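Coordinates from final18.txt are shown below (compact mmCIF, C-alpha atoms and all ligand atoms).
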# COMPACT_ATOMS: atom_id res chain seq x y z
CA MET A 1 -10.35 -7.28 -0.06
CA ILE A 2 -8.50 -9.25 2.58
CA ALA A 3 -4.90 -10.17 1.87
CA THR A 4 -4.68 -13.79 0.78
CA ASP A 5 -2.01 -15.75 2.55
CA GLY A 6 -2.67 -19.28 1.34
CA PRO A 7 -4.92 -21.86 2.98
CA VAL A 8 -4.38 -23.33 6.44
CA ARG A 9 -1.13 -25.29 6.25
CA LEU A 10 0.71 -27.79 8.40
CA ILE A 11 4.46 -27.48 7.97
CA GLU A 12 7.25 -29.66 9.28
CA PRO A 13 10.57 -27.90 8.80
CA LYS A 14 13.50 -30.17 8.06
CA ARG A 15 15.88 -30.86 10.93
CA PHE A 16 19.56 -31.48 10.22
CA GLY A 17 20.80 -33.84 12.89
CA ASP A 18 24.37 -34.53 13.93
CA ALA A 19 26.29 -35.57 17.03
CA ARG A 20 25.44 -32.26 18.73
CA GLY A 21 21.70 -32.46 18.18
CA TRP A 22 19.93 -30.74 15.31
CA PHE A 23 19.49 -27.49 13.40
CA THR A 24 16.35 -26.23 11.70
CA GLU A 25 15.14 -23.10 9.95
CA VAL A 26 11.83 -22.11 11.53
CA TYR A 27 11.02 -19.37 9.03
CA SER A 28 12.60 -18.13 5.82
CA GLU A 29 10.85 -15.72 3.49
CA ALA A 30 11.88 -17.54 0.30
CA ALA A 31 10.92 -21.02 1.52
CA TYR A 32 7.53 -19.93 2.89
CA ASP A 33 6.80 -17.81 -0.19
CA ALA A 34 7.33 -20.98 -2.21
CA LEU A 35 4.68 -22.68 -0.02
CA GLY A 36 2.23 -19.87 -0.81
CA ILE A 37 2.69 -18.13 2.55
CA THR A 38 3.43 -14.70 1.20
CA CYS A 39 2.36 -12.43 4.04
CA ARG A 40 4.84 -10.23 5.84
CA PHE A 41 5.19 -11.06 9.51
CA VAL A 42 5.56 -8.00 11.72
CA GLN A 43 5.44 -9.35 15.27
CA ASP A 44 6.57 -12.46 17.19
CA ASN A 45 4.58 -13.63 20.22
CA HIS A 46 5.48 -16.10 22.95
CA SER A 47 3.12 -17.47 25.62
CA TYR A 48 3.70 -19.82 28.53
CA SER A 49 0.84 -21.85 29.96
CA ALA A 50 1.48 -23.48 33.33
CA PRO A 51 -1.44 -25.88 33.89
CA ALA A 52 -2.18 -28.74 31.55
CA PHE A 53 -5.44 -28.12 29.67
CA THR A 54 -4.98 -24.38 29.50
CA LEU A 55 -7.14 -23.25 26.59
CA ARG A 56 -6.53 -19.99 24.74
CA GLY A 57 -9.02 -19.08 22.02
CA LEU A 58 -10.74 -18.86 19.74
CA HIS A 59 -9.19 -15.57 18.71
CA PHE A 60 -8.79 -13.22 15.77
CA GLN A 61 -8.28 -9.53 15.12
CA THR A 62 -10.85 -7.80 12.94
CA PRO A 63 -9.93 -5.96 9.71
CA PRO A 64 -7.90 -3.94 8.97
CA PHE A 65 -5.73 -5.67 11.60
CA GLY A 66 -6.54 -9.28 10.66
CA GLN A 67 -3.58 -11.50 11.46
CA ALA A 68 -2.19 -14.51 9.69
CA LYS A 69 -0.30 -16.62 12.23
CA LEU A 70 2.55 -19.10 12.02
CA VAL A 71 2.36 -21.10 15.23
CA ARG A 72 4.70 -23.62 16.86
CA CYS A 73 5.16 -25.18 20.25
CA ILE A 74 8.67 -24.98 21.67
CA ARG A 75 8.03 -26.68 25.02
CA GLY A 76 5.48 -29.38 25.71
CA ARG A 77 2.52 -30.36 23.55
CA ILE A 78 -0.57 -28.55 22.29
CA LEU A 79 -3.53 -29.18 20.05
CA ASP A 80 -3.78 -26.17 17.76
CA ILE A 81 -7.00 -25.34 15.92
CA ALA A 82 -8.13 -22.98 13.14
CA VAL A 83 -11.85 -22.33 12.55
CA ASP A 84 -13.10 -20.90 9.27
CA VAL A 85 -15.04 -17.71 10.07
CA ARG A 86 -15.09 -16.23 6.56
CA ARG A 87 -18.62 -15.01 5.81
CA GLY A 88 -20.11 -17.02 2.94
CA SER A 89 -17.44 -19.71 3.01
CA PRO A 90 -18.80 -23.17 2.17
CA THR A 91 -16.81 -24.41 5.19
CA TYR A 92 -17.88 -21.61 7.57
CA GLY A 93 -17.64 -22.86 11.18
CA GLU A 94 -15.56 -25.88 10.21
CA SER A 95 -12.17 -26.46 11.74
CA VAL A 96 -8.82 -28.14 11.26
CA ALA A 97 -6.48 -29.05 14.09
CA ALA A 98 -2.99 -30.46 14.55
CA GLU A 99 -0.84 -31.56 17.43
CA LEU A 100 2.19 -29.30 17.67
CA THR A 101 4.94 -30.42 20.01
CA ALA A 102 8.43 -29.30 20.89
CA GLU A 103 9.54 -32.69 19.65
CA ASN A 104 7.81 -32.74 16.24
CA GLY A 105 8.61 -29.07 15.45
CA ARG A 106 5.44 -28.79 13.35
CA GLN A 107 3.94 -25.40 12.57
CA LEU A 108 0.37 -24.44 11.79
CA PHE A 109 -0.15 -21.55 9.39
CA VAL A 110 -3.49 -19.83 10.13
CA PRO A 111 -4.59 -17.30 7.48
CA VAL A 112 -6.62 -14.15 8.02
CA GLY A 113 -10.30 -15.06 8.33
CA PHE A 114 -9.78 -17.96 10.71
CA ALA A 115 -10.24 -18.01 14.48
CA HIS A 116 -7.29 -19.59 16.23
CA GLY A 117 -6.85 -21.35 19.54
CA PHE A 118 -5.09 -24.15 21.34
CA VAL A 119 -5.24 -26.35 24.39
CA THR A 120 -2.13 -27.50 26.20
CA LEU A 121 -1.87 -31.26 26.62
CA GLU A 122 0.66 -31.20 29.45
CA PRO A 123 1.89 -28.69 32.05
CA ASP A 124 4.44 -26.01 31.18
CA CYS A 125 3.87 -25.41 27.47
CA GLU A 126 5.42 -22.56 25.52
CA VAL A 127 4.03 -21.45 22.18
CA THR A 128 5.55 -18.94 19.80
CA TYR A 129 3.95 -17.49 16.71
CA LYS A 130 4.60 -14.91 14.10
CA VAL A 131 1.72 -12.58 13.16
CA SER A 132 1.18 -10.49 10.04
CA ALA A 133 -0.40 -7.41 11.69
CA PRO A 134 0.47 -5.58 14.88
CA TYR A 135 -1.48 -6.09 18.10
CA ALA A 136 -4.59 -3.89 17.95
CA PRO A 137 -6.56 -4.29 21.21
CA ALA A 138 -9.55 -2.35 19.84
CA ASN A 139 -9.82 -5.01 17.09
CA ASP A 140 -9.63 -7.98 19.45
CA GLY A 141 -12.29 -10.56 18.65
CA GLY A 142 -13.17 -14.12 19.47
CA ILE A 143 -15.67 -16.94 19.46
CA ALA A 144 -16.48 -19.27 22.35
CA TRP A 145 -14.22 -22.33 22.43
CA ASP A 146 -17.23 -24.54 23.20
CA ASP A 147 -19.61 -23.05 20.64
CA PRO A 148 -22.02 -25.90 19.80
CA ASP A 149 -22.13 -24.75 16.16
CA ILE A 150 -18.40 -25.46 15.91
CA ALA A 151 -18.69 -28.54 18.12
CA PHE A 152 -14.96 -29.08 18.25
CA ASP A 153 -14.01 -32.24 20.09
CA TRP A 154 -11.41 -30.84 22.52
CA PRO A 155 -9.22 -33.59 23.97
CA LEU A 156 -10.15 -32.90 27.60
CA PRO A 157 -10.19 -35.79 30.04
CA ALA A 158 -13.67 -36.53 31.39
CA GLY A 159 -14.61 -34.06 34.11
CA THR A 160 -11.79 -31.62 33.24
CA THR A 161 -12.64 -27.98 32.70
CA PRO A 162 -9.98 -26.06 30.83
CA GLU A 163 -8.04 -23.20 32.38
CA LEU A 164 -9.45 -20.10 30.64
CA SER A 165 -8.93 -16.34 30.85
CA ALA A 166 -11.92 -14.30 32.03
CA LYS A 167 -12.09 -12.86 28.50
CA ASP A 168 -12.22 -16.28 26.88
CA ALA A 169 -14.92 -17.46 29.28
CA GLY A 170 -17.18 -14.66 27.99
CA LEU A 171 -16.72 -14.88 24.22
CA PRO A 172 -19.85 -14.93 22.01
CA ARG A 173 -21.15 -17.75 19.81
CA LEU A 174 -21.20 -17.80 16.02
CA ALA A 175 -25.02 -17.68 16.13
CA GLY A 176 -26.17 -14.07 15.97
CA TRP A 177 -22.70 -12.81 15.03
CA THR A 178 -21.78 -11.37 11.64
CA SER A 179 -18.24 -12.10 10.58
CA PRO A 180 -16.20 -9.14 9.31
CA PHE A 181 -14.15 -11.47 7.09
CA ASP A 182 -15.07 -12.04 3.44
CA TYR A 183 -14.71 -15.42 1.77
CA ASP A 184 -11.96 -15.12 -0.82
CA GLY A 185 -12.34 -18.47 -2.54
CA ARG A 186 -9.60 -20.33 -0.71
CA PRO A 187 -10.83 -23.74 0.38
CA LEU A 188 -10.47 -25.19 3.87
CA THR A 189 -8.69 -28.43 3.07
CA PRO A 190 -7.79 -31.32 5.36
CA LEU A 191 -4.34 -30.83 6.80
CA GLU A 192 -1.36 -32.58 5.37
CA ILE A 193 2.36 -31.94 5.56
C1 LIG B 201 -2.16 -10.93 21.87
C2 LIG B 201 -1.43 -9.81 22.64
C3 LIG B 201 -1.71 -9.60 23.98
N1 LIG B 201 -1.07 -8.61 24.66
C4 LIG B 201 -1.38 -8.42 26.09
C5 LIG B 201 -2.85 -8.12 26.38
C6 LIG B 201 -3.09 -8.80 27.72
O1 LIG B 201 -2.75 -7.89 28.76
C7 LIG B 201 -2.10 -9.94 27.76
C8 LIG B 201 -2.73 -11.30 27.50
O2 LIG B 201 -3.51 -11.20 26.30
P1 LIG B 201 -4.53 -12.34 25.88
O3 LIG B 201 -5.29 -12.77 27.08
O4 LIG B 201 -5.29 -11.83 24.71
O5 LIG B 201 -3.53 -13.52 25.45
P2 LIG B 201 -3.88 -14.90 24.73
O6 LIG B 201 -5.17 -15.42 25.27
O7 LIG B 201 -2.70 -15.76 24.79
O8 LIG B 201 -4.15 -14.41 23.24
C9 LIG B 201 -3.58 -15.05 22.14
O9 LIG B 201 -4.26 -16.31 21.97
C10 LIG B 201 -3.87 -17.06 20.83
C11 LIG B 201 -4.77 -18.28 20.76
C12 LIG B 201 -3.88 -16.25 19.58
O10 LIG B 201 -4.25 -16.70 18.49
C13 LIG B 201 -3.26 -14.90 19.69
O11 LIG B 201 -3.48 -14.14 18.51
C14 LIG B 201 -3.75 -14.16 20.91
O12 LIG B 201 -5.12 -13.83 20.72
O13 LIG B 201 -1.11 -9.66 26.76
C15 LIG B 201 -0.15 -7.82 24.05
O14 LIG B 201 0.45 -6.90 24.68
N2 LIG B 201 0.14 -8.02 22.72
C16 LIG B 201 -0.47 -9.00 21.99
O15 LIG B 201 -0.16 -9.16 20.78
For this file, write the structure as C-alpha cells.
Ligand SMILES: Cc1cn([C@H]2C[C@H](O)[C@@H](COP(=O)(O)OP(=O)(O)O[C@H]3O[C@@H](C)C(=O)[C@@H](O)[C@H]3O)O2)c(=O)[nH]c1=O
Amino acid sequence: MIATDGPVRLIEPKRFGDARGWFTEVYSEAAYDALGITCRFVQDNHSYSAPAFTLRGLHFQTPPFGQAKLVRCIRGRILDIAVDVRRGSPTYGESVAAELTAENGRQLFVPVGFAHGFVTLEPDCEVTYKVSAPYAPANDGGIAWDDPDIAFDWPLPAGTTPELSAKDAGLPRLAGWTSPFDYDGRPLTPLEI
C-alpha cells in the first residue's frame, strides 16, 4: 500500500506584511498535517532554470521511493503540473496545473502516484520543493511531457520548443506502460486554495 498524503493541493501561505516587507511560514508540520498533508519530508531540492520555457518533467520515483512533493517558485514564474498516474484511477492520465510565482508564494502539493513537471514562463526561475523520500536514481521514472494521451496544453508561444534535458526528451508515453502506483481511492479534484 502506498502512503496516502492527501490529494493534490494548492496552498497559499499567509504573508504578514509590515513596513519592512513580509514574513511567511512556508512549511510547518502542524499546519500541513491539519490540511491532510501528513507525509514526512526528508529532502529539500532547489533548481534554477536560465531560459524561459525550460520544461522539466514529467517525473516521479517508483515505489518504494515514491515522492510526495511540496513545490514553490522563489524567483520568476512557472506553470506547475501534476498528472494522475495511479493504475486504475478513474482520472488516470488527467492533470491539474497552477501558476506558482515568487510573487504569489503559492505551493503545489503533489502526492505519491502523480507525475510532476513544470515549465518556466520567464528567464531565471528558481524552484524549491520538499520531497518525502530520498533521491533514488535507480527508481527514476517519467512520462513524455507531450504525451498525446495526456494532451496537456503547455503555455508555449507558437513556434517555441521548450528547453529540455536529454533524459526528458526521451521519456516514454503512457501507452504501453504499466504504472507501478496503485489507486488508493483519493480523487483528483480541481484545484482550489
Ligand atoms: C532529482 C535529483 C537529481 N540529482 C542530480 C541528478 C542529475 O545529475 C542532476 C539533474 O537531475 P534531473 O535532470 O533529474 O533534474 P530535474 O529534471 O530538475 O528533475 C526534477 O524535476 C522535477 C520536475 C521533479 O519533480 C523532481 O522530482 C526531479 O525529477 O541532479 C540529485 O543529485 N538529486 C536529486 O534529488
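Between CA of Glu25 in chain A and CA of Leu70 in chain A there is a distance of 13.4 Å.
The space separating CA of Asp140 in chain A from atom C1 of ligand LIG 201 (chain B) comes to 8.4 Å.
Separating CA of Pro123 in chain A from CA of Arg77 in chain A is a distance of 8.7 Å.
Minimum atom-to-atom distance to ligand LIG 201 (chain B), evaluated using all atoms listed in the file, belongs to A:Ser165 out of A:Ser95, A:Ser165, A:Asn104, A:Ser28.
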Contact residues around Cys125 in chain A with all atoms listed in the file at 12 Å, ignoring same-chain residues under 2 positions, as a PDB file with C-alpha atoms, in the frame of the given file:
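Saved as selection.pdb:
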ATOM      1  CA  HIS A  46       5.480 -16.100  22.950  1.00  0.00           C
ATOM      2  CA  SER A  47       3.120 -17.470  25.620  1.00  0.00           C
ATOM      3  CA  TYR A  48       3.700 -19.820  28.530  1.00  0.00           C
ATOM      4  CA  SER A  49       0.840 -21.850  29.960  1.00  0.00           C
ATOM      5  CA  ALA A  50       1.480 -23.480  33.330  1.00  0.00           C
ATOM      6  CA  PRO A  51      -1.440 -25.880  33.890  1.00  0.00           C
ATOM      7  CA  ALA A  52      -2.180 -28.740  31.550  1.00  0.00           C
ATOM      8  CA  PHE A  53      -5.440 -28.120  29.670  1.00  0.00           C
ATOM      9  CA  THR A  54      -4.980 -24.380  29.500  1.00  0.00           C
ATOM     10  CA  LEU A  55      -7.140 -23.250  26.590  1.00  0.00           C
ATOM     11  CA  ARG A  72       4.700 -23.620  16.860  1.00  0.00           C
ATOM     12  CA  CYS A  73       5.160 -25.180  20.250  1.00  0.00           C
ATOM     13  CA  ILE A  74       8.670 -24.980  21.670  1.00  0.00           C
ATOM     14  CA  ARG A  75       8.030 -26.680  25.020  1.00  0.00           C
ATOM     15  CA  GLY A  76       5.480 -29.380  25.710  1.00  0.00           C
ATOM     16  CA  ARG A  77       2.520 -30.360  23.550  1.00  0.00           C
ATOM     17  CA  ILE A  78      -0.570 -28.550  22.290  1.00  0.00           C
ATOM     18  CA  LEU A  79      -3.530 -29.180  20.050  1.00  0.00           C
ATOM     19  CA  LEU A 100       2.190 -29.300  17.670  1.00  0.00           C
ATOM     20  CA  THR A 101       4.940 -30.420  20.010  1.00  0.00           C
ATOM     21  CA  ALA A 102       8.430 -29.300  20.890  1.00  0.00           C
ATOM     22  CA  PHE A 118      -5.090 -24.150  21.340  1.00  0.00           C
ATOM     23  CA  VAL A 119      -5.240 -26.350  24.390  1.00  0.00           C
ATOM     24  CA  THR A 120      -2.130 -27.500  26.200  1.00  0.00           C
ATOM     25  CA  LEU A 121      -1.870 -31.260  26.620  1.00  0.00           C
ATOM     26  CA  GLU A 122       0.660 -31.200  29.450  1.00  0.00           C
ATOM     27  CA  PRO A 123       1.890 -28.690  32.050  1.00  0.00           C
ATOM     28  CA  VAL A 127       4.030 -21.450  22.180  1.00  0.00           C
ATOM     29  CA  THR A 128       5.550 -18.940  19.800  1.00  0.00           C
TER      30      THR A 128
END
field: From A:Pro162, A:Pro148, A:Gly141, A:Gly170, residue lying nearest Gln67 in chain A [all atoms listed in the file]
entry: A:Gly141
query: Contacts of range 173-177 of chain A at 12 Å or less, counting all atoms listed in the file, minus same-chain residues fewer than 6 places along, as a ChimeraX atom specification?
result: /A:58,83-87,92-94,115,141-151
Chain A near ligand LIG 201 (chain B) within 7 Å: what's each residue's closest atom pair and its distance in Å to one decimal, counting all atoms listed in the file, ordered by chain then ascending residue number, as a Markdown table?
| residue | atom | partner | partner_atom | distance |
| --- | --- | --- | --- | --- |
| A:Asn45 | CA | B:LIG201 | O15 | 6.5 |
| A:Ser47 | CA | B:LIG201 | O7 | 6.1 |
| A:Arg56 | CA | B:LIG201 | C11 | 4.7 |
| A:Gly57 | CA | B:LIG201 | C11 | 4.5 |
| A:Leu58 | CA | B:LIG201 | C11 | 6.1 |
| A:His59 | CA | B:LIG201 | O12 | 4.9 |
| A:Phe60 | CA | B:LIG201 | O11 | 6.0 |
| A:His116 | CA | B:LIG201 | O10 | 4.8 |
| A:Gly117 | CA | B:LIG201 | C11 | 3.9 |
| A:Phe118 | CA | B:LIG201 | C11 | 5.9 |
| A:Pro134 | CA | B:LIG201 | O15 | 6.9 |
| A:Tyr135 | CA | B:LIG201 | O15 | 4.3 |
| A:Ser165 | CA | B:LIG201 | O3 | 6.3 |
| A:Lys167 | CA | B:LIG201 | O3 | 6.9 |
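Closest approach to Arg9 in chain A among A:Glu163, A:Asp80, A:Glu29, A:Asp44 is made by A:Asp80 (distances from only C-alpha atoms).
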Could I get range 20-36 of chain A rebuilt with N, CA and C atoms, written as a PDB file, keeping the file's coordinate frame?
ATOM      1  N   ARG A  20      25.756 -33.289  17.729  1.00  0.00           N
ATOM      2  CA  ARG A  20      25.440 -32.260  18.730  1.00  0.00           C
ATOM      3  C   ARG A  20      23.958 -32.191  19.047  1.00  0.00           C
ATOM      4  N   GLY A  21      23.149 -32.638  18.056  1.00  0.00           N
ATOM      5  CA  GLY A  21      21.700 -32.460  18.180  1.00  0.00           C
ATOM      6  C   GLY A  21      21.114 -32.183  16.815  1.00  0.00           C
ATOM      7  N   TRP A  22      20.464 -31.050  16.618  1.00  0.00           N
ATOM      8  CA  TRP A  22      19.930 -30.740  15.310  1.00  0.00           C
ATOM      9  C   TRP A  22      19.866 -29.245  15.084  1.00  0.00           C
ATOM     10  N   PHE A  23      19.663 -28.891  13.814  1.00  0.00           N
ATOM     11  CA  PHE A  23      19.490 -27.490  13.400  1.00  0.00           C
ATOM     12  C   PHE A  23      18.285 -27.437  12.487  1.00  0.00           C
ATOM     13  N   THR A  24      17.501 -26.390  12.603  1.00  0.00           N
ATOM     14  CA  THR A  24      16.350 -26.230  11.700  1.00  0.00           C
ATOM     15  C   THR A  24      16.081 -24.754  11.444  1.00  0.00           C
ATOM     16  N   GLU A  25      15.643 -24.460  10.243  1.00  0.00           N
ATOM     17  CA  GLU A  25      15.140 -23.100   9.950  1.00  0.00           C
ATOM     18  C   GLU A  25      13.671 -23.085  10.324  1.00  0.00           C
ATOM     19  N   VAL A  26      13.240 -22.145  11.149  1.00  0.00           N
ATOM     20  CA  VAL A  26      11.830 -22.110  11.530  1.00  0.00           C
ATOM     21  C   VAL A  26      11.017 -21.106  10.713  1.00  0.00           C
ATOM     22  N   TYR A  27      11.696 -20.230  10.005  1.00  0.00           N
ATOM     23  CA  TYR A  27      11.020 -19.370   9.030  1.00  0.00           C
ATOM     24  C   TYR A  27      12.075 -18.823   8.082  1.00  0.00           C
ATOM     25  N   SER A  28      11.783 -18.849   6.794  1.00  0.00           N
ATOM     26  CA  SER A  28      12.600 -18.130   5.820  1.00  0.00           C
ATOM     27  C   SER A  28      11.643 -17.615   4.747  1.00  0.00           C
ATOM     28  N   GLU A  29      11.788 -16.366   4.416  1.00  0.00           N
ATOM     29  CA  GLU A  29      10.850 -15.720   3.490  1.00  0.00           C
ATOM     30  C   GLU A  29      10.754 -16.495   2.184  1.00  0.00           C
ATOM     31  N   ALA A  30      11.889 -16.876   1.615  1.00  0.00           N
ATOM     32  CA  ALA A  30      11.880 -17.540   0.300  1.00  0.00           C
ATOM     33  C   ALA A  30      11.176 -18.895   0.384  1.00  0.00           C
ATOM     34  N   ALA A  31      11.495 -19.670   1.419  1.00  0.00           N
ATOM     35  CA  ALA A  31      10.920 -21.020   1.520  1.00  0.00           C
ATOM     36  C   ALA A  31       9.412 -20.954   1.770  1.00  0.00           C
ATOM     37  N   TYR A  32       8.968 -20.012   2.581  1.00  0.00           N
ATOM     38  CA  TYR A  32       7.530 -19.930   2.890  1.00  0.00           C
ATOM     39  C   TYR A  32       6.769 -19.286   1.733  1.00  0.00           C
ATOM     40  N   ASP A  33       7.402 -18.351   1.046  1.00  0.00           N
ATOM     41  CA  ASP A  33       6.800 -17.810  -0.190  1.00  0.00           C
ATOM     42  C   ASP A  33       6.512 -18.950  -1.158  1.00  0.00           C
ATOM     43  N   ALA A  34       7.472 -19.856  -1.273  1.00  0.00           N
ATOM     44  CA  ALA A  34       7.330 -20.980  -2.210  1.00  0.00           C
ATOM     45  C   ALA A  34       6.175 -21.888  -1.791  1.00  0.00           C
ATOM     46  N   LEU A  35       5.828 -21.885  -0.505  1.00  0.00           N
ATOM     47  CA  LEU A  35       4.680 -22.680  -0.020  1.00  0.00           C
ATOM     48  C   LEU A  35       3.362 -21.925  -0.191  1.00  0.00           C
ATOM     49  N   GLY A  36       3.446 -20.667  -0.647  1.00  0.00           N
ATOM     50  CA  GLY A  36       2.230 -19.870  -0.810  1.00  0.00           C
ATOM     51  C   GLY A  36       1.921 -19.013   0.411  1.00  0.00           C
TER      52      GLY A  36
END
